[in-house]
file final23.pdb (PDB, C-alpha atoms, pLDDT in the B column)
MODEL        1
ATOM      1  CA  MET A 239      86.767 129.051   9.683  1.00 43.00           C
ATOM      2  CA  GLU A 240      83.316 130.358   8.867  1.00 61.00           C
ATOM      3  CA  GLU A 241      81.098 130.984  11.896  1.00 71.00           C
ATOM      4  CA  VAL A 242      77.571 129.539  11.883  1.00 76.00           C
ATOM      5  CA  ILE A 243      74.911 131.075  14.093  1.00 81.00           C
ATOM      6  CA  CYS A 244      71.472 129.589  14.782  1.00 85.00           C
ATOM      7  CA  GLU A 245      68.715 131.715  13.221  1.00 86.00           C
ATOM      8  CA  ASN A 246      66.236 130.913  16.014  1.00 84.00           C
ATOM      9  CA  CYS A 247      68.228 131.405  19.215  1.00 88.00           C
ATOM     10  CA  GLY A 248      71.517 133.010  18.137  1.00 85.00           C
ATOM     11  CA  SER A 249      73.656 130.206  19.545  1.00 83.00           C
ATOM     12  CA  LYS A 250      76.992 129.297  17.966  1.00 79.00           C
ATOM     13  CA  ASN A 251      76.806 125.783  19.419  1.00 78.00           C
ATOM     14  CA  LEU A 252      75.984 123.678  16.346  1.00 78.00           C
ATOM     15  CA  ALA A 253      76.901 120.006  15.980  1.00 76.00           C
ATOM     16  CA  GLU A 254      76.351 117.382  13.333  1.00 74.00           C
ATOM     17  CA  VAL A 255      73.815 114.822  14.557  1.00 73.00           C
ATOM     18  CA  ASN A 256      73.228 111.891  12.194  1.00 69.00           C
ATOM     19  CA  GLY A 257      74.794 113.903   9.375  1.00 71.00           C
ATOM     20  CA  ILE A 258      72.574 116.986   9.878  1.00 79.00           C
ATOM     21  CA  ALA A 259      73.795 120.243  11.413  1.00 80.00           C
ATOM     22  CA  THR A 260      71.724 120.786  14.568  1.00 83.00           C
ATOM     23  CA  CYS A 261      71.681 123.620  17.109  1.00 84.00           C
ATOM     24  CA  GLN A 262      72.572 122.135  20.504  1.00 81.00           C
ATOM     25  CA  SER A 263      70.654 124.892  22.343  1.00 82.00           C
ATOM     26  CA  CYS A 264      67.233 124.871  20.656  1.00 88.00           C
ATOM     27  CA  GLY A 265      67.344 121.791  18.380  1.00 84.00           C
ATOM     28  CA  THR A 266      66.871 123.585  15.046  1.00 87.00           C
ATOM     29  CA  LYS A 267      68.092 121.435  12.147  1.00 87.00           C
ATOM     30  CA  TYR A 268      70.010 122.785   9.159  1.00 84.00           C
ATOM     31  CA  PRO A 269      70.096 120.062   6.461  1.00 80.00           C
ATOM     32  CA  ASN A 270      71.702 122.373   3.870  1.00 79.00           C
ATOM     33  CA  ILE A 271      74.765 123.137   6.025  1.00 77.00           C
ATOM     34  CA  SER A 272      77.687 120.701   6.317  1.00 72.00           C
ATOM     35  CA  LEU A 273      79.766 121.519   9.370  1.00 67.00           C
ATOM     36  CA  GLY A 274      82.634 119.338   8.152  1.00 61.00           C
ATOM     37  CA  LYS A 275      83.119 121.581   5.111  1.00 55.00           C
ATOM     38  CA  ILE A 276      83.525 124.692   7.254  1.00 52.00           C
ATOM     39  CA  GLY A 277      85.883 123.082   9.796  1.00 53.00           C
ATOM     40  CA  MET A 278      83.517 122.763  12.754  1.00 53.00           C
ATOM     41  CA  ASP A 279      83.429 118.989  12.504  1.00 65.00           C
ATOM     42  CA  GLU A 280      87.108 118.623  13.447  1.00 74.00           C
ATOM     43  CA  GLU A 281      86.716 121.073  16.326  1.00 75.00           C
ATOM     44  CA  LEU A 282      83.765 119.092  17.751  1.00 76.00           C
ATOM     45  CA  LYS A 283      85.651 115.842  17.276  1.00 80.00           C
ATOM     46  CA  ALA A 284      88.673 117.210  19.187  1.00 83.00           C
ATOM     47  CA  GLU A 285      86.427 118.414  22.039  1.00 85.00           C
ATOM     48  CA  GLU A 286      84.701 115.016  22.228  1.00 83.00           C
ATOM     49  CA  ILE A 287      88.028 113.156  22.292  1.00 84.00           C
ATOM     50  CA  ARG A 288      89.300 115.478  25.068  1.00 86.00           C
ATOM     51  CA  ARG A 289      86.116 114.869  27.071  1.00 86.00           C
ATOM     52  CA  LEU A 290      86.403 111.091  26.736  1.00 85.00           C
ATOM     53  CA  VAL A 291      90.112 111.062  27.616  1.00 85.00           C
ATOM     54  CA  GLU A 292      89.447 113.120  30.767  1.00 86.00           C
ATOM     55  CA  LEU A 293      86.558 110.857  31.797  1.00 84.00           C
ATOM     56  CA  ASN A 294      88.690 107.746  31.218  1.00 80.00           C
ATOM     57  CA  LYS A 295      91.407 109.196  33.480  1.00 83.00           C
ATOM     58  CA  GLU A 296      88.922 109.945  36.279  1.00 82.00           C
ATOM     59  CA  TYR A 297      86.847 106.769  35.942  1.00 81.00           C
ATOM     60  CA  PRO A 298      88.896 104.152  34.060  1.00 76.00           C
ATOM     61  CA  ASN A 299      86.624 101.147  34.663  1.00 74.00           C
ATOM     62  CA  ILE A 300      83.455 102.681  33.223  1.00 74.00           C
ATOM     63  CA  GLY A 301      82.542 102.656  29.536  1.00 72.00           C
ATOM     64  CA  HIS A 302      81.774 106.290  28.753  1.00 76.00           C
ATOM     65  CA  GLU A 303      79.345 106.785  25.889  1.00 81.00           C
ATOM     66  CA  PRO A 304      80.446 109.026  23.012  1.00 81.00           C
ATOM     67  CA  THR A 305      78.151 111.724  21.686  1.00 74.00           C
ATOM     68  CA  THR A 306      76.233 110.349  18.711  1.00 69.00           C
ATOM     69  CA  GLY A 307      77.399 111.274  15.249  1.00 70.00           C
ATOM     70  CA  ILE A 308      80.777 112.848  16.066  1.00 75.00           C
ATOM     71  CA  LEU A 309      83.266 109.964  16.191  1.00 79.00           C
ATOM     72  CA  ASN A 310      83.650 107.219  13.616  1.00 79.00           C
ATOM     73  CA  ASP A 311      83.831 103.506  14.520  1.00 82.00           C
ATOM     74  CA  GLU A 312      87.633 103.381  14.813  1.00 85.00           C
ATOM     75  CA  GLU A 313      87.706 106.407  17.127  1.00 84.00           C
ATOM     76  CA  ILE A 314      84.962 104.951  19.301  1.00 84.00           C
ATOM     77  CA  LEU A 315      86.932 101.710  19.676  1.00 84.00           C
ATOM     78  CA  LYS A 316      90.101 103.658  20.486  1.00 87.00           C
ATOM     79  CA  TYR A 317      88.728 106.154  23.021  1.00 86.00           C
ATOM     80  CA  THR A 318      85.753 104.275  24.555  1.00 84.00           C
ATOM     81  CA  PRO A 319      86.422 100.541  24.151  1.00 83.00           C
ATOM     82  CA  LYS A 320      84.139  99.610  27.083  1.00 82.00           C
ATOM     83  CA  SER A 321      81.117 101.626  25.943  1.00 83.00           C
ATOM     84  CA  HIS A 322      77.832 100.250  24.646  1.00 80.00           C
ATOM     85  CA  ALA A 323      78.566 101.863  21.271  1.00 83.00           C
ATOM     86  CA  ALA A 324      81.873  99.930  21.073  1.00 84.00           C
ATOM     87  CA  LYS A 325      80.104  96.669  21.948  1.00 82.00           C
ATOM     88  CA  LYS A 326      77.670  97.281  19.088  1.00 83.00           C
ATOM     89  CA  ILE A 327      80.620  97.792  16.716  1.00 84.00           C
ATOM     90  CA  TYR A 328      82.347  94.607  17.922  1.00 83.00           C
ATOM     91  CA  LEU A 329      79.109  92.676  17.461  1.00 79.00           C
ATOM     92  CA  LYS A 330      78.538  94.155  14.001  1.00 81.00           C
ATOM     93  CA  ARG A 331      82.035  93.057  12.982  1.00 83.00           C
ATOM     94  CA  ALA A 332      81.672  89.528  14.397  1.00 80.00           C
ATOM     95  CA  ASN A 333      81.563  87.099  11.483  1.00 80.00           C
ATOM     96  CA  THR A 334      80.535  83.816  13.052  1.00 79.00           C
ATOM     97  CA  PHE A 335      77.911  82.570  15.481  1.00 76.00           C
ATOM     98  CA  PHE A 336      80.668  81.668  17.962  1.00 76.00           C
ATOM     99  CA  GLU A 337      82.167  85.170  17.914  1.00 78.00           C
ATOM    100  CA  LYS A 338      78.737  86.627  18.667  1.00 76.00           C
ATOM    101  CA  PHE A 339      78.253  83.988  21.364  1.00 77.00           C
ATOM    102  CA  ARG A 340      81.574  84.951  22.994  1.00 77.00           C
ATOM    103  CA  LEU A 341      80.726  88.675  22.875  1.00 76.00           C
ATOM    104  CA  GLN A 342      77.341  88.105  24.501  1.00 77.00           C
ATOM    105  CA  LEU A 343      78.331  85.411  26.976  1.00 78.00           C
ATOM    106  CA  ALA A 344      77.481  87.502  30.052  1.00 75.00           C
ATOM    107  CA  ALA A 345      73.982  88.229  28.739  1.00 75.00           C
ATOM    108  CA  ILE A 346      73.468  84.557  27.907  1.00 77.00           C
ATOM    109  CA  VAL A 347      74.623  83.371  31.334  1.00 79.00           C
ATOM    110  CA  GLY A 348      72.408  85.957  33.039  1.00 76.00           C
ATOM    111  CA  ALA A 349      69.371  84.903  31.010  1.00 76.00           C
ATOM    112  CA  LEU A 350      69.983  81.219  31.713  1.00 76.00           C
ATOM    113  CA  VAL A 351      70.493  81.748  35.466  1.00 76.00           C
ATOM    114  CA  LEU A 352      67.254  83.691  35.665  1.00 73.00           C
ATOM    115  CA  TYR A 353      65.541  81.063  33.540  1.00 73.00           C
ATOM    116  CA  TYR A 354      66.657  78.162  35.766  1.00 70.00           C
ATOM    117  CA  MET A 355      65.707  80.045  38.920  1.00 67.00           C
ATOM    118  CA  VAL A 356      62.178  80.356  37.553  1.00 68.00           C
ATOM    119  CA  SER A 357      62.164  76.901  35.950  1.00 65.00           C
ATOM    120  CA  TRP A 358      62.046  75.101  39.277  1.00 66.00           C
ATOM    121  CA  VAL A 359      58.725  76.766  40.017  1.00 67.00           C
ATOM    122  CA  ILE A 360      56.881  75.173  37.062  1.00 63.00           C
ATOM    123  CA  PRO A 361      57.829  71.499  37.693  1.00 64.00           C
ATOM    124  CA  GLY A 362      57.205  72.053  41.401  1.00 67.00           C
ATOM    125  CA  ALA A 363      53.768  73.433  40.614  1.00 66.00           C
ATOM    126  CA  ALA A 364      53.133  70.490  38.261  1.00 62.00           C
ATOM    127  CA  LEU A 365      53.961  68.005  41.028  1.00 64.00           C
ATOM    128  CA  PHE A 366      51.900  69.941  43.541  1.00 68.00           C
ATOM    129  CA  LEU A 367      48.907  69.925  41.207  1.00 66.00           C
ATOM    130  CA  GLY A 368      49.239  66.169  40.683  1.00 65.00           C
ATOM    131  CA  VAL A 369      50.116  66.101  36.985  1.00 62.00           C
ATOM    132  CA  ASP A 370      50.694  62.581  35.606  1.00 64.00           C
ATOM    133  CA  SER A 371      54.366  61.546  36.002  1.00 64.00           C
ATOM    134  CA  MET A 372      54.960  60.974  32.273  1.00 65.00           C
ATOM    135  CA  LEU A 373      53.510  64.364  31.437  1.00 70.00           C
ATOM    136  CA  PHE A 374      55.711  65.859  34.160  1.00 69.00           C
ATOM    137  CA  VAL A 375      58.840  64.335  32.584  1.00 69.00           C
ATOM    138  CA  LEU A 376      57.821  65.675  29.179  1.00 73.00           C
ATOM    139  CA  ILE A 377      57.168  69.180  30.559  1.00 71.00           C
ATOM    140  CA  PHE A 378      60.436  69.151  32.489  1.00 72.00           C
ATOM    141  CA  LEU A 379      62.509  68.008  29.485  1.00 73.00           C
ATOM    142  CA  LEU A 380      60.908  70.604  27.285  1.00 75.00           C
ATOM    143  CA  TRP A 381      61.480  73.275  29.918  1.00 74.00           C
ATOM    144  CA  ALA A 382      65.014  72.227  30.895  1.00 74.00           C
ATOM    145  CA  VAL A 383      66.480  71.427  27.462  1.00 76.00           C
ATOM    146  CA  PHE A 384      64.631  73.046  24.585  1.00 78.00           C
ATOM    147  CA  VAL A 385      63.911  76.485  26.053  1.00 77.00           C
ATOM    148  CA  PRO A 386      67.558  77.212  27.140  1.00 79.00           C
ATOM    149  CA  ILE A 387      68.753  76.334  23.639  1.00 80.00           C
ATOM    150  CA  LEU A 388      66.138  78.709  22.264  1.00 80.00           C
ATOM    151  CA  ILE A 389      67.261  81.434  24.704  1.00 78.00           C
ATOM    152  CA  VAL A 390      70.898  81.081  23.613  1.00 77.00           C
ATOM    153  CA  TYR A 391      69.922  81.218  19.955  1.00 75.00           C
ATOM    154  CA  ILE A 392      67.744  84.313  20.417  1.00 77.00           C
ATOM    155  CA  VAL A 393      70.331  86.204  22.492  1.00 72.00           C
ATOM    156  CA  VAL A 394      73.127  85.476  20.033  1.00 70.00           C
ATOM    157  CA  SER A 395      71.030  86.156  16.948  1.00 70.00           C
ATOM    158  CA  LEU A 396      69.776  89.543  18.089  1.00 67.00           C
ATOM    159  CA  GLU A 397      72.183  92.395  17.773  1.00 55.00           C
ATOM    160  CA  LEU A 398      72.701  94.709  20.736  1.00 47.00           C
ATOM    161  CA  ARG A 399      70.400  97.676  20.512  1.00 44.00           C
TER     162      ARG A 399
ENDMDL
END
call {"tool": "encode", "arguments": {"input": "final23.pdb", "output": "structure tokens"}}
result
Amino acid sequence: MEEVICENCGSKNLAEVNGIATCQSCGTKYPNISLGKIGMDEELKAEEIRRLVELNKEYPNIGHEPTTGILNDEEILKYTPKSHAAKKIYLKRANTFFEKFRLQLAAIVGALVLYYMVSWVIPGAALFLGVDSMLFVLIFLLWAVFVPILIVYIVVSLELR
């Protein structure tokens, strides 16, 4: 295996970040060098897999995040199935609205609970301020029916970032 040394700091710690060889010590980028062609890519991948396996043994209930740009989608799903990166992959692969809804159910429930906690303040304020009863019913229906549907649609439509 050919050894690559950073020209700026002399470090041998180079990794491929977003497809570009980058020095991990000083951040210098080397777009003309492909670490996969000289065998460093497999070495970094093995180190990353070892790190994730050790972390999963110590803390099995936590989704440990993989280092960006080293593992492919299948490896992320295999070694860090509870991570945010894995959730993004699951969501990207979801084909229907209902699959996305199921994957984001916790976020939807959280948003709706927070929404309904706040929603009792607005009708209460409307009654306190003496708003006409028909207008109050219209405001409450709009607030209690239309907005939650909009929240569910927005949460499901947006992909996890």
call {"tool": "residues_around", "arguments": {"input": "final23.pdb", "residues": "stretch 255-260 of chain A", "least_positions_apart": "3", "cutoff": "10 Å", "atoms": "all atoms listed in the file", "output": "list in words"}}
result
Cys244, Asn251, Leu252, Ser263, Cys264, Gly265, Thr266, Lys267, Tyr268, Pro269, Asn270, Ile271, Ser272, Leu273, Gly274, Asp279, Thr305, Thr306, Gly307 and Ile308 of chain A
call {"tool": "write_last_selection", "arguments": {"input": "final23.pdb", "atoms": "C-alpha atoms", "output": "tab-separated table (two decimals), in the coordinates of the input"}}
result
chain	number	residue	atom	x	y	z
A	244	CYS	CA	71.47	129.59	14.78
A	251	ASN	CA	76.81	125.78	19.42
A	252	LEU	CA	75.98	123.68	16.35
A	263	SER	CA	70.65	124.89	22.34
A	264	CYS	CA	67.23	124.87	20.66
A	265	GLY	CA	67.34	121.79	18.38
A	266	THR	CA	66.87	123.58	15.05
A	267	LYS	CA	68.09	121.44	12.15
A	268	TYR	CA	70.01	122.78	9.16
A	269	PRO	CA	70.10	120.06	6.46
A	270	ASN	CA	71.70	122.37	3.87
A	271	ILE	CA	74.76	123.14	6.02
A	272	SER	CA	77.69	120.70	6.32
A	273	LEU	CA	79.77	121.52	9.37
A	274	GLY	CA	82.63	119.34	8.15
A	279	ASP	CA	83.43	118.99	12.50
A	305	THR	CA	78.15	111.72	21.69
A	306	THR	CA	76.23	110.35	18.71
A	307	GLY	CA	77.40	111.27	15.25
A	308	ILE	CA	80.78	112.85	16.07
call {"tool": "atom_distance", "arguments": {"input": "final23.pdb", "atom1": "atom CA of A:Glu296", "atom2": "atom CA of A:Lys316"}}
result
17.0 Å
call {"tool": "closest_residue", "arguments": {"input": "final23.pdb", "among": "A:Phe335, A:Ala324, A:Lys330, A:Tyr317", "to": "A:Glu292", "atoms": "all atoms listed in the file"}}
result
A:Tyr317
call {"tool": "axis_aligned_box", "arguments": {"input": "final23.pdb", "around": "stretch 280-297 of chain A", "padding_each_side": "5 Å", "output": "JSON"}}
result
{"center_x": 87.6, "center_y": 113.9, "center_z": 24.9, "size_x": 17.6, "size_y": 24.3, "size_z": 32.8}
call {"tool": "atom_distance", "arguments": {"input": "final23.pdb", "atom1": "atom CA of A:Val347", "atom2": "atom CA of A:Val390"}}
result
8.9 Å
call {"tool": "atom_distance", "arguments": {"input": "final23.pdb", "atom1": "atom CA of A:Tyr328", "atom2": "atom CA of A:Tyr353"}}
result
26.6 Å
call {"tool": "closest_residue", "arguments": {"input": "final23.pdb", "among": "A:Leu315, A:Ala382, A:Ile387, A:Val393", "to": "A:Leu343", "atoms": "only C-alpha atoms"}}
result
A:Val393
